[in-house]
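What follows is one structure encoded as structure tokens, with my remarks underneath.
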Amino acid sequence: MGLPPPAKATIEVLSPDATELKPLERRVDTVLKVEPSEGDGFLIAVEAQTAPAPDKGFGWSYYVAHLHAKYGMPVLLVAVCKNRPTASWAAGPFECRVRTWTTQSTHPFVLGPNNVPEITDESVVARQPALATFSAIVHSESANAAAILELLARGMRSFDKPTAKYWCEWLEVGLENTPVRETWRELEKMVATYFPGRGTLFEETYLEGKAEGKAESILSVLDKRGIPVPEATRDRITTCTDLDTLTLWFDRSLTATAAEDLFTDV
């Protein structure tokens, strides 16, 4: 994309949380820490953007300033845009200015339909998963979107499991509410999550598994303690998907004298 990468570098995924101890959450899609074998390290903050948003430029300025202050490293902000109008808007600059004096100016590095090619070769996915993922997001509104996703899914099978999970989830988050997001969810086959709180298929499957395991633990405790569990109570426990509620019921199962005690308000 015109930015020469370091010849050798260690790249680490950092928490995307850019939140301070205030009742205001700010989150970028992903943050990477790059440590080159030569030269200084830097951060890459990546945001997928569907459409121009009046306040987003201010949020991006916050992300950059916060990450710079927190890690003491320069930040490259990458905006991944699905159409040309959004890409043009995302280039900024987004300025904090008083009259003629600019206190802060943010210039995102934009990936959009103009500078990211459509990936039509499965071998490219295996060699360059980041480029392939960005391409699928950028061209998610094109006529070839579904074919690109199918090719990407096949190419992801050549990766080790953590790498495949990471890029598959990154793509699902980046597709946001586009029609092809459901197409991609059908193509996902792995279980785990790299993006807590984003409602991805991996996360749903992961949380469903945790809920099922917690429900089984509750029933096991009641069984070992010789407490009968009516069928209606068993169904209520096994169909519950709220982990906080299941945790409360588990704690109560350790001292309950009857199955109904799990649901008693105290």
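Lettering and numbering for the structure tokens are positional, with chains as A, B, ... in the shown order, residues counted from 1 in each chain, and ligands counted from 1 in the shown order.
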
Legend entry - All helix (DSSP H, G or I) residues (DSSP, backbone) inside stretch 104-191 of chain A, as an MDAnalysis selection string: chainID A and resid 122:127 129:138 145:156 161:175 180:187

Which neighbours of stretch 173-184 of chain A fall inside 10 Å, counting only C-alpha atoms, when residues of the same chain fewer than 4 positions from it are skipped, and could you give them as a CSV table (one decimal) with C-alpha atoms, in the first residue's frame?
```csv
chain,number,residue,atom,x,y,z
A,29,ASP,CA,-11.4,-2.8,16.2
A,46,VAL,CA,-7.3,-0.5,12.7
A,47,GLU,CA,-10.9,0.7,12.3
A,48,ALA,CA,-13.5,-0.6,9.8
A,49,GLN,CA,-15.8,2.2,8.7
A,50,THR,CA,-19.0,1.7,6.8
A,80,VAL,CA,-10.7,0.3,6.3
A,81,CYS,CA,-13.6,1.7,4.1
A,82,LYS,CA,-16.1,-0.2,2.0
A,133,THR,CA,-9.1,-9.8,5.0
A,134,PHE,CA,-8.9,-6.1,4.3
A,136,ALA,CA,-12.9,-8.7,1.6
A,137,ILE,CA,-14.1,-5.9,3.9
A,138,VAL,CA,-13.3,-3.1,1.4
A,139,HIS,CA,-15.1,-4.9,-1.4
A,140,SER,CA,-18.0,-6.2,0.7
A,141,GLU,CA,-20.4,-4.1,-1.3
A,145,ALA,CA,-18.3,-10.0,-2.5
A,146,ALA,CA,-19.7,-13.6,-1.9
A,149,LEU,CA,-15.5,-14.6,0.9
A,150,GLU,CA,-15.7,-18.2,-0.3
A,152,LEU,CA,-11.0,-16.4,1.6
A,153,ALA,CA,-12.6,-19.2,3.7
A,167,TRP,CA,-8.5,-13.1,10.8
A,168,CYS,CA,-11.9,-14.8,10.5
A,169,GLU,CA,-13.2,-12.9,13.5
A,188,GLU,CA,-16.9,-19.8,9.8
A,195,PHE,CA,-13.1,-9.8,20.0
A,198,ARG,CA,-18.6,-7.7,19.4
A,199,GLY,CA,-21.3,-10.4,18.9
A,200,THR,CA,-19.4,-12.6,16.5
A,201,LEU,CA,-20.3,-16.2,15.7
```

Legend entry - Close residues, stretch 94-102 of chain A itself excluded, 8 Å, only C-alpha atoms, min 2 positions apart in chain, as number ranges by chain: A: 57-58, 61, 92, 104-107

Would you mind exporting C-alpha atoms of the selected residues as an mmCIF file, in the first residue's frame?
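Output saved as out.cif:
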```
data_model
loop_
_atom_site.group_PDB
_atom_site.id
_atom_site.type_symbol
_atom_site.label_atom_id
_atom_site.label_comp_id
_atom_site.auth_asym_id
_atom_site.auth_seq_id
_atom_site.Cartn_x
_atom_site.Cartn_y
_atom_site.Cartn_z
ATOM 1 C CA GLY A 57 -12.893 11.935 13.493
ATOM 2 C CA PHE A 58 -12.836 13.188 17.084
ATOM 3 C CA SER A 61 -8.013 11.591 17.443
ATOM 4 C CA GLY A 92 -9.244 13.654 6.877
ATOM 5 C CA GLN A 104 -3.944 18.489 16.828
ATOM 6 C CA SER A 105 -4.391 17.000 13.366
ATOM 7 C CA THR A 106 -5.216 13.352 12.641
ATOM 8 C CA HIS A 107 -4.484 11.809 9.238
#
```

Inset, instruction - Run DSSP on the backbone and give me the residues of stretch 34-254 of chain A it puts in strand (DSSP E), as a PyMOL selection string. - result: chain A and resi 34-36+42-49+75-81+94-98+101-106+109-111

Report as a short mmCIF file (atom, residue, chain, number, x, y, z; two decimals) with N, CA and C atoms, in the first residue's frame all protein, DNA and RNA residues lying within 10 Å of A:Leu219, evaluated on only C-alpha atoms, omitting residues in the same chain fewer than 3 positions from it.
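What follows is the written file selection.cif:
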```
data_model
loop_
_atom_site.label_atom_id
_atom_site.label_comp_id
_atom_site.auth_asym_id
_atom_site.auth_seq_id
_atom_site.Cartn_x
_atom_site.Cartn_y
_atom_site.Cartn_z
N LYS A 214 -21.79 -24.64 32.42
CA LYS A 214 -22.21 -24.18 33.74
C LYS A 214 -23.52 -24.85 34.15
N ALA A 215 -24.45 -24.99 33.21
CA ALA A 215 -25.72 -25.65 33.52
C ALA A 215 -25.50 -27.10 33.92
N GLU A 216 -24.61 -27.79 33.21
CA GLU A 216 -24.31 -29.18 33.55
C GLU A 216 -23.70 -29.28 34.95
N LEU A 222 -26.40 -30.77 42.16
CA LEU A 222 -27.69 -31.15 42.76
C LEU A 222 -27.84 -32.67 42.81
N ASP A 223 -27.39 -33.32 41.75
CA ASP A 223 -27.48 -34.78 41.70
C ASP A 223 -26.63 -35.42 42.78
N LYS A 224 -25.39 -34.94 42.93
CA LYS A 224 -24.47 -35.52 43.92
C LYS A 224 -24.94 -35.25 45.35
N ARG A 225 -25.69 -34.16 45.53
CA ARG A 225 -26.21 -33.84 46.86
C ARG A 225 -27.56 -34.51 47.10
N ILE A 227 -30.46 -34.07 45.58
CA ILE A 227 -31.61 -33.17 45.50
C ILE A 227 -32.36 -33.43 44.19
N PRO A 228 -33.63 -33.82 44.25
CA PRO A 228 -34.40 -34.08 43.03
C PRO A 228 -34.57 -32.81 42.21
N VAL A 229 -34.54 -32.96 40.89
CA VAL A 229 -34.70 -31.82 39.98
C VAL A 229 -35.88 -32.11 39.06
N THR A 233 -37.73 -27.59 36.10
CA THR A 233 -36.56 -26.92 36.66
C THR A 233 -35.32 -27.23 35.83
N ARG A 234 -35.19 -28.49 35.43
CA ARG A 234 -34.06 -28.89 34.58
C ARG A 234 -34.06 -28.10 33.26
N ILE A 237 -32.91 -24.52 33.75
CA ILE A 237 -31.46 -24.40 33.94
C ILE A 237 -30.73 -24.58 32.60
N THR A 238 -31.11 -25.61 31.86
CA THR A 238 -30.37 -25.93 30.63
C THR A 238 -30.64 -24.94 29.49
N PHE A 250 -25.38 -21.66 40.39
CA PHE A 250 -24.36 -22.64 40.78
C PHE A 250 -23.98 -22.42 42.25
N SER A 253 -26.59 -23.74 44.39
CA SER A 253 -26.73 -25.20 44.36
C SER A 253 -25.86 -25.87 45.41
N ALA A 259 -34.39 -27.91 44.76
CA ALA A 259 -33.99 -27.30 43.49
C ALA A 259 -34.59 -25.90 43.33
#
```

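Remark: for A:Asp121, the closest of the candidate residues A:Ser135, A:Arg185, A:Ala143, A:Thr10 is A:Ser135 (distances computed over only C-alpha atoms).
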
Legend entry - Nearest-residue call for A:Gln128, choices A:Thr239, A:Trp170, A:Gly155, A:Asp261, using only C-alpha atoms: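 Ranking A:Thr239, A:Trp170, A:Gly155, A:Asp261 by distance to A:Gln128, first place goes to A:Gly155.
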
Inset, instruction - Would you work out the distance separating atom CA of A:Glu12 from atom CA of A:Asn115, expressed in Å to one decimal? - result: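 Straight-line distance from atom CA of A:Glu12 to atom CA of A:Asn115 works out to 25.7 Å.
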